[in-house]
Structures are given as C-alpha cells and as structure tokens.
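Asker: Got a structure for you, entry08.csv, holding CSV, C-alpha atoms.
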```csv
chain,number,residue,atom,x,y,z
O,1,MET,CA,-10.3,-18.7,5.3
O,2,ALA,CA,-7.4,-21.0,4.4
O,3,ALA,CA,-4.4,-20.9,6.6
O,4,ILE,CA,-1.7,-18.5,5.5
O,5,PRO,CA,1.5,-20.3,4.3
O,6,HIS,CA,4.3,-19.9,6.8
O,7,PHE,CA,8.0,-20.1,5.9
O,8,THR,CA,10.9,-20.8,8.3
O,9,GLY,CA,14.6,-21.7,8.0
O,10,ASP,CA,17.4,-20.8,5.7
O,11,ALA,CA,17.2,-20.7,1.9
O,12,ASN,CA,19.9,-22.3,-0.1
O,13,PRO,CA,23.0,-20.2,-0.8
O,14,TYR,CA,22.8,-18.3,-4.1
O,15,GLY,CA,24.0,-20.7,-6.8
O,16,GLY,CA,23.8,-18.4,-9.9
O,17,GLY,CA,21.1,-17.7,-12.4
O,18,ASP,CA,17.7,-16.2,-11.5
O,19,PRO,CA,17.9,-15.3,-7.8
O,20,TYR,CA,14.1,-15.5,-7.5
O,21,ALA,CA,14.0,-19.1,-8.8
O,22,ASP,CA,13.9,-20.5,-5.3
O,23,TYR,CA,12.1,-17.6,-3.7
O,24,ARG,CA,9.3,-18.7,-1.4
O,25,THR,CA,6.0,-16.8,-1.6
O,26,ALA,CA,2.2,-17.3,-1.6
O,27,ASP,CA,-1.0,-15.5,-2.5
O,28,PHE,CA,-2.0,-13.7,0.7
O,29,PRO,CA,-5.7,-13.0,1.1
O,30,PHE,CA,-5.2,-9.3,2.2
O,31,THR,CA,-3.1,-8.0,-0.7
O,32,HIS,CA,-6.1,-6.5,-2.5
O,33,HIS,CA,-6.1,-3.8,0.0
O,34,ALA,CA,-4.0,-0.6,-0.4
O,35,ASP,CA,-0.4,-0.6,0.9
O,36,LEU,CA,-0.6,2.0,3.7
O,37,ALA,CA,3.2,2.1,3.8
O,38,ASP,CA,3.5,3.2,0.1
O,39,ARG,CA,6.0,6.0,-0.4
O,40,ARG,CA,3.5,7.6,-2.9
O,41,LEU,CA,1.2,8.1,0.0
O,42,GLY,CA,4.0,9.7,2.1
O,43,ALA,CA,5.2,6.8,4.1
O,44,ALA,CA,8.7,6.8,5.5
O,45,VAL,CA,11.0,4.9,7.8
O,46,VAL,CA,11.7,7.6,10.3
O,47,ALA,CA,14.3,5.9,12.4
O,48,ALA,CA,16.1,2.6,13.0
O,49,GLU,CA,18.3,1.4,15.9
O,50,ASP,CA,20.9,0.0,13.6
O,51,GLU,CA,21.5,0.0,9.8
O,52,PHE,CA,25.1,-0.9,9.5
O,53,PHE,CA,25.0,-3.0,6.3
O,54,ALA,CA,21.9,-1.6,4.5
O,55,GLN,CA,19.8,1.5,4.9
O,56,ARG,CA,16.3,1.5,6.5
O,57,GLU,CA,14.8,3.5,3.6
O,58,ASN,CA,15.1,0.4,1.4
O,59,LEU,CA,12.2,-1.2,3.3
O,60,LEU,CA,9.6,0.9,1.5
O,61,LEU,CA,11.0,1.0,-2.0
O,62,PRO,CA,8.5,0.1,-4.7
O,63,GLY,CA,9.0,-3.1,-6.6
O,64,ARG,CA,10.8,-6.3,-5.5
O,65,ALA,CA,14.3,-6.2,-4.1
O,66,GLU,CA,17.2,-6.6,-6.5
O,67,PHE,CA,20.3,-8.7,-6.0
O,68,ASP,CA,23.8,-8.2,-7.5
O,69,PRO,CA,26.2,-11.0,-6.3
O,70,GLU,CA,29.2,-8.8,-7.2
O,71,HIS,CA,28.1,-5.7,-5.4
O,72,PHE,CA,30.3,-5.0,-2.3
O,73,GLY,CA,31.2,-1.9,-0.4
O,74,HIS,CA,33.5,-0.9,2.4
O,75,LYS,CA,31.2,-2.5,5.0
O,76,GLY,CA,30.7,-5.8,3.0
O,77,LYS,CA,27.9,-7.1,0.8
O,78,ILE,CA,25.5,-4.4,-0.3
O,79,MET,CA,21.9,-5.6,0.0
O,80,ASP,CA,18.7,-4.1,-1.2
O,81,GLY,CA,17.0,-4.0,2.2
O,82,TRP,CA,17.5,-3.0,5.8
O,83,GLU,CA,20.3,-5.0,7.4
O,84,THR,CA,21.8,-4.6,10.9
O,85,ARG,CA,25.2,-5.9,12.2
O,86,ARG,CA,25.4,-9.2,14.1
O,87,ARG,CA,24.5,-8.8,17.7
O,88,ARG,CA,26.9,-10.1,20.4
O,89,GLY,CA,26.7,-11.1,24.0
O,90,VAL,CA,28.1,-9.2,27.0
O,91,SER,CA,31.3,-11.3,27.5
O,92,ALA,CA,33.4,-14.2,26.3
O,93,ASP,CA,31.5,-16.4,28.7
O,94,HIS,CA,28.2,-15.2,27.2
O,95,PRO,CA,28.9,-14.4,23.5
O,96,TRP,CA,25.4,-14.9,22.4
O,97,PRO,CA,22.6,-12.2,22.3
O,98,ALA,CA,20.1,-12.2,25.1
O,99,ALA,CA,16.7,-13.7,24.5
O,100,ASP,CA,15.1,-10.2,24.3
O,101,ASP,CA,17.8,-8.5,22.2
O,102,HIS,CA,16.4,-7.1,18.9
O,103,ASP,CA,16.7,-4.4,16.4
O,104,TRP,CA,13.8,-2.0,15.5
O,105,ALA,CA,12.7,0.4,12.8
O,106,LEU,CA,9.9,3.0,13.1
O,107,VAL,CA,7.6,3.4,10.1
O,108,ARG,CA,5.2,6.3,9.5
O,109,LEU,CA,2.3,5.1,7.4
O,110,GLY,CA,1.5,7.2,4.4
O,111,ALA,CA,-2.2,7.1,5.2
O,112,PRO,CA,-3.5,6.2,8.7
O,113,GLY,CA,-5.9,3.2,8.6
O,114,VAL,CA,-7.0,-0.2,9.7
O,115,ILE,CA,-4.4,-2.9,8.9
O,116,ARG,CA,-5.5,-6.1,7.4
O,117,GLY,CA,-2.2,-7.8,6.7
O,118,ILE,CA,1.6,-7.3,6.7
O,119,VAL,CA,4.3,-8.9,4.6
O,120,VAL,CA,7.8,-9.0,5.9
O,121,ASP,CA,9.9,-9.8,2.8
O,122,THR,CA,13.3,-11.3,3.3
O,123,ALA,CA,14.2,-11.7,-0.4
O,124,HIS,CA,17.9,-12.4,-0.9
O,125,PHE,CA,18.5,-12.6,2.8
O,126,ARG,CA,19.2,-16.4,2.7
O,127,GLY,CA,21.2,-16.9,5.9
O,128,ASN,CA,21.3,-13.4,7.3
O,129,TYR,CA,17.6,-12.9,7.9
O,130,PRO,CA,16.1,-12.4,11.4
O,131,GLN,CA,15.2,-15.5,13.4
O,132,ALA,CA,11.9,-13.9,14.2
O,133,VAL,CA,9.9,-10.7,13.7
O,134,SER,CA,7.3,-8.8,15.6
O,135,VAL,CA,5.2,-5.7,14.6
O,136,GLU,CA,3.5,-3.2,16.8
O,137,GLY,CA,1.3,-0.2,16.0
O,138,THR,CA,0.3,3.1,17.5
O,139,SER,CA,-1.9,6.0,16.7
O,140,VAL,CA,-0.4,9.4,17.4
O,141,THR,CA,-1.7,12.8,16.2
O,142,GLY,CA,0.5,15.3,14.4
O,143,THR,CA,4.0,14.6,13.2
O,144,PRO,CA,5.9,13.0,16.2
O,145,SER,CA,9.6,12.7,16.2
O,146,GLU,CA,11.6,9.6,16.9
O,147,ARG,CA,12.1,10.7,20.5
O,148,GLU,CA,8.4,11.2,21.0
O,149,LEU,CA,7.5,7.9,19.4
O,150,LEU,CA,9.9,6.1,21.8
O,151,GLY,CA,8.6,8.0,24.8
O,152,GLY,CA,7.0,6.1,27.7
O,153,ASP,CA,3.6,7.7,27.1
O,154,VAL,CA,3.1,6.1,23.7
O,155,LYS,CA,0.9,3.0,23.8
O,156,TRP,CA,2.0,0.3,21.3
O,157,THR,CA,-0.4,-2.5,20.3
O,158,THR,CA,0.9,-5.9,19.1
O,159,LEU,CA,-0.2,-6.6,15.5
O,160,VAL,CA,2.2,-9.5,14.9
O,161,PRO,CA,3.6,-11.4,17.9
O,162,ARG,CA,7.1,-12.6,17.9
O,163,THR,CA,7.0,-15.2,15.1
O,164,PRO,CA,9.8,-17.2,13.4
O,165,VAL,CA,10.3,-16.3,9.7
O,166,GLY,CA,12.1,-17.8,6.8
O,167,GLY,CA,15.0,-16.5,4.6
O,168,HIS,CA,14.5,-15.5,1.0
O,169,ALA,CA,10.7,-15.5,1.5
O,170,ALA,CA,7.6,-13.4,1.6
O,171,ASN,CA,6.4,-13.8,5.2
O,172,GLY,CA,2.7,-12.9,5.5
O,173,PHE,CA,0.7,-12.1,8.6
O,174,ALA,CA,-3.1,-11.5,8.8
O,175,VAL,CA,-4.0,-8.7,11.3
O,176,SER,CA,-7.4,-8.6,13.0
O,177,VAL,CA,-7.0,-5.5,15.3
O,178,GLU,CA,-9.9,-3.1,14.5
O,179,GLN,CA,-8.1,0.1,15.3
O,180,ARG,CA,-6.7,3.0,13.3
O,181,PHE,CA,-2.9,3.2,13.3
O,182,THR,CA,-0.5,6.0,12.1
O,183,HIS,CA,2.9,4.4,12.9
O,184,LEU,CA,4.5,0.9,13.1
O,185,ARG,CA,7.5,-0.5,15.0
O,186,ILE,CA,9.0,-3.5,13.2
O,187,ASN,CA,11.3,-5.6,15.3
O,188,GLN,CA,13.8,-8.2,14.1
O,189,HIS,CA,15.0,-10.8,16.7
O,190,PRO,CA,17.9,-10.7,17.3
O,191,ASP,CA,19.3,-9.0,14.2
O,192,GLY,CA,19.6,-9.5,10.4
O,193,GLY,CA,18.0,-8.2,7.3
O,194,ILE,CA,14.6,-7.5,5.8
O,195,ALA,CA,14.2,-6.5,2.1
O,196,ARG,CA,10.7,-5.0,2.0
O,197,LEU,CA,7.8,-4.2,4.3
O,198,ARG,CA,4.2,-4.0,3.0
O,199,VAL,CA,1.3,-2.9,5.1
O,200,TYR,CA,-2.1,-3.7,3.6
O,201,GLY,CA,-5.2,-2.1,4.9
O,202,GLU,CA,-8.1,0.5,4.6
O,203,VAL,CA,-7.4,4.2,4.8
O,204,VAL,CA,-9.3,6.0,7.6
O,205,PRO,CA,-9.0,9.7,7.0
O,206,ASP,CA,-9.3,12.4,9.7
O,207,PRO,CA,-12.9,13.8,9.4
O,208,ALA,CA,-11.8,17.2,10.8
O,209,TRP,CA,-9.2,17.6,8.1
O,210,LEU,CA,-11.7,16.8,5.3
O,211,ALA,CA,-14.2,19.1,6.8
O,212,VAL,CA,-11.7,22.0,6.7
O,213,LEU,CA,-10.9,21.2,3.1
O,214,GLY,CA,-14.5,21.4,2.0
O,215,THR,CA,-14.2,20.4,-1.6
O,216,PHE,CA,-11.7,17.6,-2.3
O,217,ASP,CA,-11.2,14.4,-4.3
O,218,VAL,CA,-13.7,12.1,-2.7
O,219,VAL,CA,-12.4,8.9,-4.4
O,220,ALA,CA,-8.7,9.6,-3.7
O,221,LEU,CA,-6.9,6.8,-1.8
O,222,GLU,CA,-5.4,9.2,0.7
O,223,ASN,CA,-8.8,10.6,1.5
O,224,GLY,CA,-10.3,7.1,2.2
O,225,GLY,CA,-11.5,6.1,-1.3
O,226,ARG,CA,-10.7,2.6,-2.6
O,227,ALA,CA,-11.0,0.5,-5.7
O,228,GLU,CA,-13.2,-2.4,-4.8
O,229,ASP,CA,-13.2,-4.4,-8.0
O,230,ALA,CA,-12.2,-4.3,-11.6
O,231,SER,CA,-12.9,-6.3,-14.8
O,232,ASN,CA,-9.2,-6.8,-15.6
O,233,LEU,CA,-5.9,-6.4,-13.7
O,234,PHE,CA,-3.5,-7.9,-16.3
O,235,TYR,CA,-0.9,-5.1,-16.4
O,236,SER,CA,-1.5,-3.0,-13.3
O,237,PRO,CA,-3.7,-2.6,-10.2
O,238,ALA,CA,-6.9,-0.5,-10.4
O,239,SER,CA,-5.8,1.3,-7.2
O,240,ASN,CA,-3.2,3.1,-9.2
O,241,THR,CA,-5.9,5.3,-10.6
O,242,ILE,CA,-6.6,6.9,-7.2
O,243,GLN,CA,-3.0,7.4,-6.0
O,244,PRO,CA,-1.7,10.9,-5.1
O,245,GLY,CA,-0.3,13.1,-7.8
O,246,ARG,CA,0.0,12.7,-11.6
O,247,SER,CA,1.2,9.4,-13.1
O,248,ARG,CA,4.9,9.5,-14.0
O,249,LYS,CA,5.1,6.6,-16.3
O,250,MET,CA,2.9,4.1,-18.2
O,251,ASP,CA,2.7,1.4,-15.5
O,252,ASP,CA,1.7,4.0,-12.8
O,253,GLY,CA,-1.9,3.8,-14.1
O,254,TRP,CA,-4.4,1.1,-14.9
O,255,GLU,CA,-4.1,-0.9,-18.1
O,256,THR,CA,-6.0,-4.0,-19.2
O,257,ARG,CA,-5.1,-6.7,-21.7
O,258,ARG,CA,-6.3,-6.3,-25.3
O,259,ARG,CA,-9.9,-7.4,-25.7
O,260,ARG,CA,-10.9,-9.7,-28.7
O,261,ASP,CA,-14.6,-9.6,-27.9
O,262,ARG,CA,-17.4,-7.0,-27.9
O,263,GLY,CA,-17.2,-6.2,-24.2
O,264,HIS,CA,-15.5,-3.4,-22.2
O,265,ASP,CA,-13.6,-2.9,-19.0
O,266,TRP,CA,-14.4,-1.2,-15.7
O,267,ILE,CA,-13.4,-0.3,-12.2
O,268,ARG,CA,-15.8,0.1,-9.2
O,269,TYR,CA,-14.9,2.4,-6.4
O,270,ARG,CA,-16.1,3.1,-2.9
O,271,LEU,CA,-15.9,6.8,-2.0
O,272,ALA,CA,-14.5,8.2,1.3
O,273,ALA,CA,-18.2,8.5,2.4
O,274,GLN,CA,-21.4,9.7,1.0
O,275,ALA,CA,-20.5,12.8,-1.1
O,276,GLU,CA,-21.9,15.4,-3.4
O,277,ILE,CA,-19.8,15.3,-6.6
O,278,ARG,CA,-19.6,18.4,-8.8
O,279,ALA,CA,-16.7,17.8,-11.2
O,280,LEU,CA,-14.3,15.1,-12.4
O,281,GLU,CA,-11.1,14.4,-14.2
O,282,ILE,CA,-10.0,11.4,-16.3
O,283,ASP,CA,-6.3,11.4,-17.0
O,284,THR,CA,-4.6,9.2,-19.6
O,285,ALA,CA,-1.0,10.5,-18.9
O,286,TYR,CA,1.7,8.3,-20.5
O,287,LEU,CA,-0.9,6.0,-22.1
O,288,LYS,CA,-0.4,6.8,-25.7
O,289,GLY,CA,-1.0,3.9,-28.0
O,290,ASN,CA,-2.9,2.0,-25.3
O,291,SER,CA,-5.2,4.6,-23.7
O,292,ALA,CA,-9.0,3.9,-23.4
O,293,GLY,CA,-10.9,5.0,-26.5
O,294,TRP,CA,-14.0,6.2,-24.6
O,295,ALA,CA,-15.0,6.4,-21.0
O,296,SER,CA,-18.2,6.9,-19.0
O,297,VAL,CA,-18.6,7.5,-15.3
O,298,SER,CA,-21.6,6.5,-13.1
O,299,VAL,CA,-22.4,7.0,-9.4
O,300,ARG,CA,-24.8,5.2,-7.1
O,301,ASP,CA,-25.9,5.9,-3.5
O,302,GLY,CA,-25.6,3.0,-1.2
O,303,ALA,CA,-26.3,5.0,1.9
O,304,ASP,CA,-27.1,1.8,3.9
O,305,GLY,CA,-23.4,1.3,4.3
O,306,GLY,CA,-23.4,-2.0,2.3
O,307,ASP,CA,-21.9,-2.7,-1.1
O,308,GLY,CA,-23.7,0.1,-2.8
O,309,ALA,CA,-26.7,-2.1,-3.8
O,310,GLY,CA,-29.0,0.3,-2.1
O,311,GLY,CA,-29.2,2.5,-5.2
O,312,GLU,CA,-29.3,2.5,-9.0
O,313,TRP,CA,-26.4,3.6,-11.1
O,314,THR,CA,-26.7,7.2,-12.4
O,315,GLU,CA,-24.5,8.1,-15.4
O,316,ILE,CA,-22.8,11.4,-14.6
O,317,LEU,CA,-20.5,11.4,-17.7
O,318,PRO,CA,-21.9,9.8,-20.9
O,319,ARG,CA,-19.6,7.7,-23.1
O,320,THR,CA,-16.9,10.3,-24.1
O,321,ARG,CA,-14.0,10.1,-26.5
O,322,LEU,CA,-10.6,10.2,-24.7
O,323,GLN,CA,-7.3,11.5,-26.1
O,324,PRO,CA,-4.0,9.8,-25.4
O,325,ASP,CA,-1.7,11.3,-22.8
O,326,THR,CA,-4.2,13.9,-21.8
O,327,ASN,CA,-6.0,15.1,-18.7
O,328,HIS,CA,-9.7,15.5,-19.3
O,329,ARG,CA,-11.8,17.8,-17.1
O,330,PHE,CA,-15.6,17.8,-16.8
O,331,VAL,CA,-17.9,20.1,-14.7
O,332,LEU,CA,-21.3,18.4,-13.9
O,333,PRO,CA,-24.4,20.3,-14.8
O,334,ALA,CA,-25.8,19.6,-11.3
O,335,PRO,CA,-24.3,18.0,-8.2
O,336,VAL,CA,-24.8,14.2,-7.8
O,337,VAL,CA,-24.9,12.4,-4.5
O,338,GLY,CA,-23.3,8.9,-4.1
O,339,THR,CA,-21.2,6.5,-2.1
O,340,HIS,CA,-19.9,4.5,-5.0
O,341,ALA,CA,-18.6,5.3,-8.5
O,342,ARG,CA,-17.7,3.3,-11.6
O,343,VAL,CA,-15.6,4.1,-14.6
O,344,ASP,CA,-16.3,2.1,-17.8
O,345,ILE,CA,-13.7,2.2,-20.6
O,346,TYR,CA,-14.4,1.2,-24.2
O,347,PRO,CA,-13.3,-1.2,-25.4
O,348,ASP,CA,-10.1,-1.7,-23.4
O,349,GLY,CA,-6.8,0.0,-22.6
O,350,GLY,CA,-6.2,2.2,-19.6
O,351,ILE,CA,-6.5,5.4,-17.7
O,352,SER,CA,-3.9,6.8,-15.3
O,353,ARG,CA,-6.1,8.7,-12.8
O,354,LEU,CA,-9.7,9.3,-11.9
O,355,ARG,CA,-10.6,12.3,-9.7
O,356,LEU,CA,-14.1,13.1,-8.4
O,357,PHE,CA,-14.3,16.5,-6.8
O,358,GLY,CA,-17.0,17.3,-4.3
O,359,SER,CA,-17.7,17.4,-0.5
O,360,LEU,CA,-19.2,15.1,2.0
O,361,THR,CA,-22.9,15.2,2.7
O,362,GLU,CA,-24.1,15.8,6.3
O,363,GLU,CA,-24.8,12.1,6.5
O,364,GLY,CA,-21.5,11.1,5.0
O,365,ALA,CA,-19.6,13.3,7.4
O,366,ALA,CA,-21.5,11.9,10.4
O,367,ARG,CA,-20.8,8.3,9.3
O,368,LEU,CA,-17.1,9.0,8.8
O,369,ALA,CA,-16.8,10.7,12.1
O,370,ALA,CA,-18.4,7.8,13.9
O,371,ARG,CA,-16.1,5.3,12.3
O,372,HIS,CA,-13.1,7.4,13.1
O,373,GLN,CA,-14.1,7.6,16.7
O,374,GLU,CA,-14.9,3.9,16.9
O,375,LEU,CA,-11.4,3.0,15.6
O,376,GLY,CA,-9.7,5.2,18.2
O,377,GLY,CA,-8.8,8.0,15.8
```
Kindly present the structure from the file in structure tokens form.
Answerer:
Amino acid sequence: MAAIPHFTGDANPYGGGDPYADYRTADFPFTHHADLADRRLGAAVVAAEDEFFAQRENLLLPGRAEFDPEHFGHKGKIMDGWETRRRRGVSADHPWPAADDHDWALVRLGAPGVIRGIVVDTAHFRGNYPQAVSVEGTSVTGTPSERELLGGDVKWTTLVPRTPVGGHAANGFAVSVEQRFTHLRINQHPDGGIARLRVYGEVVPDPAWLAVLGTFDVVALENGGRAEDASNLFYSPASNTIQPGRSRKMDDGWETRRRRDRGHDWIRYRLAAQAEIRALEIDTAYLKGNSAGWASVSVRDGADGGDGAGGEWTEILPRTRLQPDTNHRFVLPAPVVGTHARVDIYPDGGISRLRLFGSLTEEGAARLAARHQELGG
C-alpha cells in the first residue's frame, strides 16, 4: 500500500476567490468504506471541552465546510467547524500552554464497527488549526452519558497517536486496530479548529439485537450490509442505496452517468450475514427523469465467507419496469438464501434505496456472533 500523504504547517491566508483553490487533499485508500460517523446513521458529537468560537456539531455535518470571509459574530469570525479558544499558560512567567494541554470532543458513532481510516479535515482553518491531533476509541454498551464516558472505568484505545497536522487540509490516517468501537474521543493539541471528522469503517451490528428483530433489512448499512462494488459512481455513491430512511432529495440515492452503449449498470452488496430473503423494495424516490428504466435483483450464497464466489447468482426479481419517484414492493414466491446480492439497472439512471427483508439463517447468526465476540463486542 502506498504511503498516505501527510500535511503539516499553515496554509496561506485567504486571498480571495475560490477558498478551496489551495486546499490540500489526497485520495485515501479507506474512503470506500462507510462513514460510521454519518449523521444519517445517528452519529452525534455528545460533548466537547470547549467550543467558544464554533460549535462541536459542525464536525459531522454532511458535505464540505463552507467559508464566508465576511461572516462575523459577537465572538469573532464564524467558522464552519469546531473551534476552541486559544489556550494560555498559568502565569506571566509561563504564558504558553503545557505540553499535554489539549481540547477534546466525544463522538458517538452512528453504527458501531471496525474503523479502517479517519480524516480530520481542517478546511478554512489556515492559521488557527491544531498543532497536532490524536484519536481514541472505546466500546460501551447502551447509551452512556458524557460523565460515564469520561469515567475512570472506561478503557480508551489509541487509534491515531498524537500526530502533527496541516491547516486547510484533509489529514488522513489509516487505522489497523481490529476491534469494534462505539465512541471516539478526538483531541486537538493544544487548541484550534477542525472543520469535519469522517470515520470510515465496517459496521458490526449487535447479533442479539438482530435476533430479537427477527425479520429486518438484511442489506441495510446500519445492520451490517455494505455496497462492495458498482459499475459507475459518477454522481453519487452506491452506499446511499442502503442508508437509513427514505431518500429526501435526488442526490441522496445512486445515479450513474448516461450510457451511450448497449450495456447496463449494477451494484453488488454483501449482506449482514447469510440470510433468508422473503421480500424486497426498490425505491426511485426523487429520481424522476433519471430513474432506472428496469431493474433485476439476484442473490448468491458465498457461505465460505469469501467474496461470494462460492455460489451461482440466482435471480429473485426478473427484469422489471420501474416507475419514477416510486417505491416498488415485491414478495418472493419462496424464500431465498444468500450472503450477497446484486441489483442490475437497465440501461442506466438510478435508484434511491434497495431493501431486502428477511432473517439470518442459523449459520449466518453463528458467524455474526463469532465475529462480534472476536472484535470485543
């Protein structure tokens, strides 16, 4: 794997024009994973030690940070991020912060899981970004309060050691800790501002919860499903199709570029675990002049735990005409067992959501429980 680009130092002061013209970023190898800190999954910044200049909630806002050079408030420049006041020393003889002084924020992940990479984005924080950052993770059952998370009995694991970062840059960090986490603590040393936090990884659901549910959406992101690959990602990511809830606007689904050949587009998914599927939905909400014309759905059983190559594709929904801006529901004539699914759309266009309703097989439930235990869940 190639080394991840690393940025340090100030960016130039804003000189007018496009504020992103001199933004420093890179293609990080882990961003194909789901953002476990996505607000759509229920993530939140539950507390911060200080947020004098800009609120902690900005850390998890969707989209890139915005910058208005004329936007000032009673406390100074209003920034689209989390920004703390400048730390000071204890006296005139020691006006500088101590070496271990830092500000922190506690983040509840929207879906617990294994973290593969973290991006600490300092967009528009050119000379007021932290000198360094560090990130820790923990796994706590239930819905702990700020006080409980900061208690002495909570064990925090270092995911990103204290590392210098750059201003007005996407600072990416690969994470190699094979453990399931529910909460993060992001630290900025000694103070400053961070625009966005993205936490990329694989959802690891609670097997006990899924067992109680019985029938559920076995491809949903929050239940451990994932979009593994897609033919085209020109307008939007394939993972949008398994996000919680209904789509609320056109770019909240999956849309491909216009095809000028005789082919078609597709997404391949891995289910939460081996499951028995009994019904499905294909929703084209908000896709009106650009929805897929037809769609088919297939399943295969790769019970060996590999990439699904252990079984042949079985079509569970033949090529079917789709209507724009419509939720389509289908009950299968007989349950079908699989670990992977594929939706094929013809010839191009998009869908907003795919739902596969069923329950885990005995083997699927056992594999999921074993992985959950192995990861410390």
Asker: Please, which residues are within 12 Å of (-11.2, 18.5, -17.4) by the file's coordinates, counting only C-alpha atoms, and could they come as a PyMOL selection string?
Answerer: chain O and resi 279-284+317+322-323+326-332+353-357
Asker: Extract, using all atoms listed in the file, all DNA, RNA and protein residues at most 8 Å from Leu233 in chain O, discarding same-chain residues fewer than 4 positions from it, and format them as an NGL selection string.
Answerer: :O and (237-238 or 254-256)
Asker: Would you save the residues from that selection as a CSV table (one decimal), in the frame of the given file, using C-alpha atoms?
Answerer:
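Written output follows (part.csv):
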```csv
chain,number,residue,atom,x,y,z
O,237,PRO,CA,-3.7,-2.6,-10.2
O,238,ALA,CA,-6.9,-0.5,-10.4
O,254,TRP,CA,-4.4,1.1,-14.9
O,255,GLU,CA,-4.1,-0.9,-18.1
O,256,THR,CA,-6.0,-4.0,-19.2
```
Asker: Mind checking which residues fall within 7 Å of Ser176 in chain O, counting only C-alpha atoms, ignoring those fewer than 2 positions away in the same chain, and posting them as a VMD selection string?
Answerer: chain O and resid 116 174 178
Asker: Tell me which of O:Ile194, O:Ala105, O:Ala92, O:Ala369 sits closest to Ala132 in chain O, counting all atoms listed in the file.
Answerer: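 Nearest candidate to Ala132 in chain O out of O:Ile194, O:Ala105, O:Ala92, O:Ala369: O:Ile194.
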Asker: Between O:Val343, O:Ala275, O:Val133, O:Val107, which is the closest to Gly166 in chain O once you count only C-alpha atoms?
Answerer: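 Using only C-alpha atoms, the shortest distance to Gly166 in chain O belongs to O:Val133.
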Asker: Show which residues sit within 9 Å of Leu109 in chain O, as a ChimeraX atom specification. Count only C-alpha atoms, and ignore same-chain residues fewer than 3 positions away.
Answerer: /O:36-39,41-45,112-113,181-184,199
Asker: Would you give me, as a Markdown table, each residue of range 142-259 of chain O having an atom within 8 Å of an atom of range 7-28 of chain O, along with its shortest atom pair and that distance in Å to one decimal, using only C-alpha atoms and sorting by chain and residue number?
Answerer:
```
| residue | atom | partner | partner_atom | distance |
| --- | --- | --- | --- | --- |
| O:Pro164 | CA | O:Thr8 | CA | 6.3 |
| O:Val165 | CA | O:Thr8 | CA | 4.8 |
| O:Gly166 | CA | O:Thr8 | CA | 3.6 |
| O:Gly167 | CA | O:Asp10 | CA | 5.0 |
| O:His168 | CA | O:Tyr23 | CA | 5.7 |
| O:Ala169 | CA | O:Arg24 | CA | 4.5 |
| O:Ala170 | CA | O:Thr25 | CA | 4.9 |
| O:Asn171 | CA | O:Phe7 | CA | 6.5 |
| O:Gly172 | CA | O:Phe28 | CA | 6.8 |
```
Asker: Would you work out the distance separating CA of Ala370 in chain O from CA of Pro207 in chain O, expressed in Å to one decimal?
Answerer: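 Separation of CA of Ala370 in chain O and CA of Pro207 in chain O: 9.3 Å.
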Asker: Skip Ile277 in chain O itself and residues of its chain fewer than 5 positions away, then list as a PyMOL selection string all residues within 12 Å of it, counting all atoms listed in the file.
Answerer: chain O and resi 214-219+271-272+297-301+316-317+330-341+355-361
Asker: Looking at O:Ala98, O:Asn290, O:Leu61, O:Glu51, which one is nearest to Ile78 in chain O, with distances taken over only C-alpha atoms?
Answerer: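 Closest to Ile78 in chain O of all the choices is O:Glu51.
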Asker: Taking 3 positions as the minimum chain separation for residues in the same chain, which residues sit within 8 Å of Lys249 in chain O when counting only C-alpha atoms? Answer as a ChimeraX atom specification.
Answerer: /O:252-253,285-286
Asker: Please, what distance in Å, to one decimal, runs between CA of Asp100 in chain O and CA of Ile186 in chain O?
Answerer: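 About the pair CA of Asp100 in chain O and CA of Ile186 in chain O: they are 14.3 Å apart.
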Asker: Work out how far apart CA of Trp294 in chain O and CA of Pro347 in chain O are and give it in Å to one decimal.
Answerer: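 Value for the CA of Trp294 in chain O-CA of Pro347 in chain O distance: 7.5 Å.
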Asker: Which residues of range 36-68 of chain O come within 12 Å of range 73-77 of chain O, and what is each one's closest atom pair and distance in Å (one decimal), counting all atoms listed in the file, sorted by chain and residue number, as a tab-separated table?
Answerer:
```
residue	atom	partner	partner_atom	distance
O:Glu51	CA	O:Lys75	CA	11.1
O:Phe52	CA	O:Lys75	CA	7.7
O:Phe53	CA	O:Lys75	CA	6.4
O:Ala54	CA	O:Lys77	CA	8.9
O:Phe67	CA	O:Lys77	CA	10.3
O:Asp68	CA	O:Lys77	CA	9.3
```
Asker: So, with all atoms listed in the file as the atoms that count, which of O:Glu362, O:Glu312, O:Asp191, O:Asp121 lies closest to Ala99 in chain O?
Answerer: O:Asp191
